[in-house]
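Trainee: The file below is model05.cif, mmCIF, C-alpha atoms:
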data_work
loop_
_atom_site.group_PDB
_atom_site.id
_atom_site.type_symbol
_atom_site.label_atom_id
_atom_site.label_comp_id
_atom_site.auth_asym_id
_atom_site.auth_seq_id
_atom_site.Cartn_x
_atom_site.Cartn_y
_atom_site.Cartn_z
ATOM 1 C CA MET A 35 -8.605 9.359 -15.756
ATOM 2 C CA PRO A 36 -10.890 12.081 -14.356
ATOM 3 C CA SER A 37 -10.637 15.329 -16.297
ATOM 4 C CA SER A 38 -12.321 18.721 -16.017
ATOM 5 C CA VAL A 39 -12.110 21.857 -18.191
ATOM 6 C CA THR A 40 -12.907 25.382 -16.989
ATOM 7 C CA GLU A 41 -12.070 28.598 -18.853
ATOM 8 C CA GLY A 42 -9.735 26.693 -21.184
ATOM 9 C CA ILE A 43 -7.724 24.995 -18.435
ATOM 10 C CA ARG A 44 -7.921 21.170 -18.414
ATOM 11 C CA VAL A 45 -6.995 19.349 -15.211
ATOM 12 C CA SER A 46 -6.597 15.560 -15.302
ATOM 13 C CA VAL A 47 -5.728 13.377 -12.330
ATOM 14 C CA GLU A 48 -4.570 9.782 -12.051
ATOM 15 C CA SER A 49 -4.317 8.258 -8.573
ATOM 16 C CA THR A 50 -2.434 5.144 -7.486
ATOM 17 C CA TYR A 51 -2.514 3.166 -4.257
ATOM 18 C CA LEU A 52 0.981 2.623 -2.791
ATOM 19 C CA PRO A 53 0.949 -0.733 -0.969
ATOM 20 C CA ASP A 54 4.683 -0.505 -0.167
ATOM 21 C CA ARG A 55 4.092 2.744 1.768
ATOM 22 C CA SER A 56 0.838 1.632 3.407
ATOM 23 C CA GLN A 57 0.235 -0.173 6.678
ATOM 24 C CA PRO A 58 -3.398 -1.366 6.627
ATOM 25 C CA ASP A 59 -3.087 -2.944 10.104
ATOM 26 C CA GLU A 60 -2.260 0.535 11.406
ATOM 27 C CA HIS A 61 -4.970 2.273 9.336
ATOM 28 C CA SER A 62 -2.465 3.978 7.058
ATOM 29 C CA PHE A 63 -3.183 3.926 3.309
ATOM 30 C CA ALA A 64 -0.804 5.843 1.037
ATOM 31 C CA PHE A 65 -1.763 7.213 -2.369
ATOM 32 C CA ALA A 66 0.123 9.049 -5.080
ATOM 33 C CA TYR A 67 -1.565 11.164 -7.694
ATOM 34 C CA VAL A 68 -0.304 12.693 -10.914
ATOM 35 C CA VAL A 69 -1.968 15.951 -11.912
ATOM 36 C CA THR A 70 -1.744 17.233 -15.475
ATOM 37 C CA ILE A 71 -2.736 20.850 -16.092
ATOM 38 C CA ALA A 72 -3.097 21.829 -19.762
ATOM 39 C CA ASN A 73 -3.681 25.330 -21.080
ATOM 40 C CA GLU A 74 -6.211 24.814 -23.887
ATOM 41 C CA GLY A 75 -7.229 28.470 -23.831
ATOM 42 C CA HIS A 76 -5.866 31.478 -25.680
ATOM 43 C CA ALA A 77 -4.168 33.374 -22.864
ATOM 44 C CA ARG A 78 -0.899 32.832 -21.010
ATOM 45 C CA VAL A 79 -1.759 31.892 -17.418
ATOM 46 C CA GLN A 80 0.078 31.323 -14.169
ATOM 47 C CA LEU A 81 -1.004 28.834 -11.519
ATOM 48 C CA MET A 82 -1.181 30.939 -8.365
ATOM 49 C CA ARG A 83 -2.826 28.772 -5.685
ATOM 50 C CA ARG A 84 -4.359 25.371 -5.045
ATOM 51 C CA HIS A 85 -7.000 24.210 -2.579
ATOM 52 C CA TRP A 86 -7.694 20.501 -2.008
ATOM 53 C CA ILE A 87 -10.448 19.010 0.147
ATOM 54 C CA ILE A 88 -9.504 15.469 1.173
ATOM 55 C CA THR A 89 -12.247 13.258 2.613
ATOM 56 C CA ASP A 90 -11.480 9.801 3.981
ATOM 57 C CA GLY A 91 -13.875 6.843 4.058
ATOM 58 C CA ASN A 92 -15.087 7.871 7.538
ATOM 59 C CA GLY A 93 -16.173 11.270 6.263
ATOM 60 C CA GLU A 94 -13.340 13.121 8.026
ATOM 61 C CA VAL A 95 -12.263 16.149 6.019
ATOM 62 C CA ARG A 96 -8.962 17.966 5.849
ATOM 63 C CA GLU A 97 -7.949 20.797 3.580
ATOM 64 C CA VAL A 98 -4.663 21.621 1.921
ATOM 65 C CA GLU A 99 -4.152 25.022 0.359
ATOM 66 C CA GLY A 100 -1.390 27.393 -0.507
ATOM 67 C CA PRO A 101 0.614 29.025 -3.251
ATOM 68 C CA GLY A 102 1.303 27.015 -6.400
ATOM 69 C CA VAL A 103 1.930 23.287 -6.449
ATOM 70 C CA VAL A 104 4.957 21.433 -5.014
ATOM 71 C CA GLY A 105 6.848 24.714 -4.651
ATOM 72 C CA GLU A 106 6.142 25.996 -8.159
ATOM 73 C CA GLN A 107 3.857 28.585 -9.727
ATOM 74 C CA PRO A 108 4.250 27.609 -13.370
ATOM 75 C CA VAL A 109 3.375 29.874 -16.288
ATOM 76 C CA LEU A 110 1.586 28.046 -19.106
ATOM 77 C CA GLU A 111 1.520 29.360 -22.643
ATOM 78 C CA GLN A 112 -1.349 28.327 -24.902
ATOM 79 C CA GLY A 113 -0.944 24.584 -25.554
ATOM 80 C CA GLN A 114 1.560 24.014 -22.733
ATOM 81 C CA VAL A 115 1.173 21.376 -20.035
ATOM 82 C CA HIS A 116 2.438 21.211 -16.450
ATOM 83 C CA GLN A 117 2.499 17.883 -14.617
ATOM 84 C CA TYR A 118 3.326 17.150 -11.001
ATOM 85 C CA THR A 119 3.133 14.242 -8.580
ATOM 86 C CA SER A 120 2.048 14.435 -4.960
ATOM 87 C CA GLY A 121 0.478 12.170 -2.374
ATOM 88 C CA ALA A 122 -1.876 11.682 0.524
ATOM 89 C CA VAL A 123 -2.079 9.234 3.422
ATOM 90 C CA LEU A 124 -5.554 8.311 4.655
ATOM 91 C CA PRO A 125 -6.716 6.255 7.660
ATOM 92 C CA THR A 126 -9.157 4.384 5.371
ATOM 93 C CA PRO A 127 -8.652 2.438 2.120
ATOM 94 C CA ILE A 128 -10.953 4.772 0.213
ATOM 95 C CA GLY A 129 -11.459 8.507 -0.013
ATOM 96 C CA THR A 130 -11.966 11.441 -2.318
ATOM 97 C CA MET A 131 -10.100 14.580 -3.223
ATOM 98 C CA GLU A 132 -11.604 17.609 -4.861
ATOM 99 C CA GLY A 133 -10.247 21.028 -5.307
ATOM 100 C CA THR A 134 -9.573 24.175 -7.216
ATOM 101 C CA TYR A 135 -6.663 25.948 -8.842
ATOM 102 C CA GLU A 136 -6.447 29.706 -9.078
ATOM 103 C CA MET A 137 -5.022 30.696 -12.435
ATOM 104 C CA ARG A 138 -4.067 34.245 -13.355
ATOM 105 C CA GLU A 139 -3.732 35.575 -16.888
ATOM 106 C CA VAL A 140 -0.318 37.195 -17.148
ATOM 107 C CA GLU A 141 1.718 39.343 -19.511
ATOM 108 C CA LEU A 142 5.385 38.493 -19.298
ATOM 109 C CA GLY A 143 8.335 40.820 -19.840
ATOM 110 C CA ARG A 144 12.077 40.275 -19.711
ATOM 111 C CA GLU A 145 13.697 37.022 -18.709
ATOM 112 C CA LEU A 146 16.315 37.427 -15.984
ATOM 113 C CA GLY A 147 18.138 34.106 -15.568
ATOM 114 C CA ASP A 148 15.619 31.683 -14.080
ATOM 115 C CA SER A 149 13.165 34.525 -13.430
ATOM 116 C CA VAL A 150 10.692 36.201 -15.754
ATOM 117 C CA GLU A 151 9.237 39.673 -15.277
ATOM 118 C CA VAL A 152 5.435 39.689 -14.962
ATOM 119 C CA ARG A 153 4.129 42.961 -16.400
ATOM 120 C CA SER A 154 0.428 42.506 -15.773
ATOM 121 C CA GLY A 155 -2.253 40.034 -14.813
ATOM 122 C CA ILE A 156 -5.807 39.971 -13.625
ATOM 123 C CA ALA A 157 -6.663 41.848 -10.463
ATOM 124 C CA ALA A 158 -5.738 40.166 -7.199
ATOM 125 C CA GLY A 159 -8.555 37.952 -6.011
ATOM 126 C CA GLU A 160 -10.130 37.456 -9.447
ATOM 127 C CA ARG A 161 -10.215 33.779 -10.304
ATOM 128 C CA VAL A 162 -10.120 31.597 -13.339
ATOM 129 C CA VAL A 163 -10.626 28.310 -11.562
ATOM 130 C CA THR A 164 -10.789 24.670 -12.547
ATOM 131 C CA ARG A 165 -12.513 22.303 -10.137
ATOM 132 C CA GLY A 166 -12.230 18.550 -10.215
ATOM 133 C CA SER A 167 -12.368 15.506 -8.003
ATOM 134 C CA PHE A 168 -11.147 11.944 -8.002
ATOM 135 C CA TYR A 169 -11.339 8.821 -5.874
ATOM 136 C CA LEU A 170 -8.583 7.218 -3.840
ATOM 137 C CA LYS A 171 -9.096 3.491 -3.501
ATOM 138 C CA SER A 172 -6.606 0.891 -2.261
ATOM 139 C CA THR A 173 -6.078 -2.372 -4.129
ATOM 140 C CA LEU A 174 -7.129 -4.105 -0.912
ATOM 141 C CA LEU A 175 -10.579 -2.582 -1.251
ATOM 142 C CA LYS A 176 -10.664 -3.242 -5.007
ATOM 143 C CA GLU A 177 -10.099 -6.957 -4.319
ATOM 144 C CA GLU A 178 -12.945 -6.962 -1.775
ATOM 145 C CA MET A 179 -15.198 -5.376 -4.421
ATOM 146 C CA GLY A 180 -14.339 -8.034 -7.005
ATOM 147 C CA GLY A 181 -11.560 -6.067 -8.679
ATOM 148 C CA HIS A 182 -13.852 -3.485 -10.274
ATOM 149 C CA GLU A 183 -12.905 0.162 -10.710
ATOM 150 C CA HIS A 184 -15.561 2.594 -9.464
#
Will you turn the file into structure tokens for me?
Mentor:
Amino acid sequence: MPSSVTEGIRVSVESTYLPDRSQPDEHSFAFAYVVTIANEGHARVQLMRRHWIITDGNGEVREVEGPGVVGEQPVLEQGQVHQYTSGAVLPTPIGTMEGTYEMREVELGRELGDSVEVRSGIAAGERVVTRGSFYLKSTLLKEEMGGHEH
């Protein structure tokens, strides 16, 4: 499983081809990926934004960016882990994804129900970023390549 550590934040990704959601005859290859973000540093951090660059086997690029991940901006204490699952559909049986996460060091205050007061953090625009990439490869292509993982 590809893994990258920057500024004490480890990001690991495991991708899976979804044959039941793919239609190779129509150039539609579905992939799921599980991202694990672990705070191995000393500070409490909050995941603020993500930016993914998705490149299919034809070299076509699309970008996905925005606040948090799957509707959340989790706060990770030292030693805590956040995991989420998402997906991508490509017109080719192979592709790559690479990207960054913007993490902000935060000082938390009172808890108010499901909300937590954020007293301070790094200045807006300052980044503590982890970058990583991984391959998306359908089982159809793996069979053509003799079943080897690359």
Trainee: Can you tell me which residues surround A:Arg78 at a distance of at most 7 Å, considering only C-alpha atoms, apart from same-chain residues fewer than 5 positions away, and format the answer as an MDAnalysis selection string?
Mentor: chainID A and resid 110:112 139:140
Trainee: The PyMOL selection byres ((chain A and resi 57) around 12) on the file shown: which residues, as an MDAnalysis selection string?
Mentor: chainID A and resid 51:56 58:65 123:127 172 174
Trainee: Just the number, please: distance in Å from atom CA of A:His116 to atom CA of A:Gly129, one decimal.
Mentor: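 These two atoms are separated by 25.0 Å.
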Trainee: Enclose all atoms of stretch 127-137 of chain A listed in the file in an axis-aligned box, grow every side by 5 Å, and hand back centre and edge lengths in Å to one decimal, as lines of an AutoDock Vina configuration file.
Mentor:
center_x = -8.5
center_y = 16.6
center_z = -5.2
size_x = 16.9
size_y = 38.3
size_z = 24.6
Trainee: Expressed in Å to a single decimal, how great is the separation between atom CA of A:Ile128 and atom CA of A:Arg83?
Mentor: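 Separation of atom CA of A:Ile128 and atom CA of A:Arg83: 26.0 Å.
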Trainee: Could you tell me how far atom CA of A:Gly102 lies from atom CA of A:Thr70, in Å and to one decimal?
Mentor: 13.7 Å
Trainee: Using all atoms listed in the file, which of the listed residues (A:Met35, A:Leu146, A:Val103, A:Ala122) sits closest to A:His85?
Mentor: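 Residue with the minimum atom-to-atom distance to A:His85: A:Val103.
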Trainee: Would you mind listing what lies within 7 Å of stretch 42-49 of chain A as a list in words, with all atoms listed in the file counted and same-chain residues fewer than 5 positions away left out?
Mentor: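 With the cut-off at 7 Å, the set is Met35, Pro36, Ser37, Phe65, Ala66, Tyr67, Val68, Val69, Thr70, Ile71, Ala72, Asn73, Glu74, Gly75, Thr164 and Leu170 of chain A.
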Trainee: Neighbours of stretch 97-99 of chain A within 7 Å (all atoms listed in the file; same-chain residues fewer than 5 positions away dropped), as an MDAnalysis selection string?
Mentor: chainID A and resid 84:88
Trainee: Would you mind telling me which residue in A:Met82, A:Ser38, A:Thr119, A:Thr89 lies nearest to A:Glu106 when using all atoms listed in the file?
Mentor: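 Using all atoms listed in the file, the shortest distance to A:Glu106 belongs to A:Met82.
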Trainee: As a check of understanding, name the residues that the PyMOL selection byres ((chain A and resi 81) around 8) selects in the supplied structure, as an MDAnalysis selection string.
Mentor: chainID A and resid 79:80 82:83 102 107:109 135:138
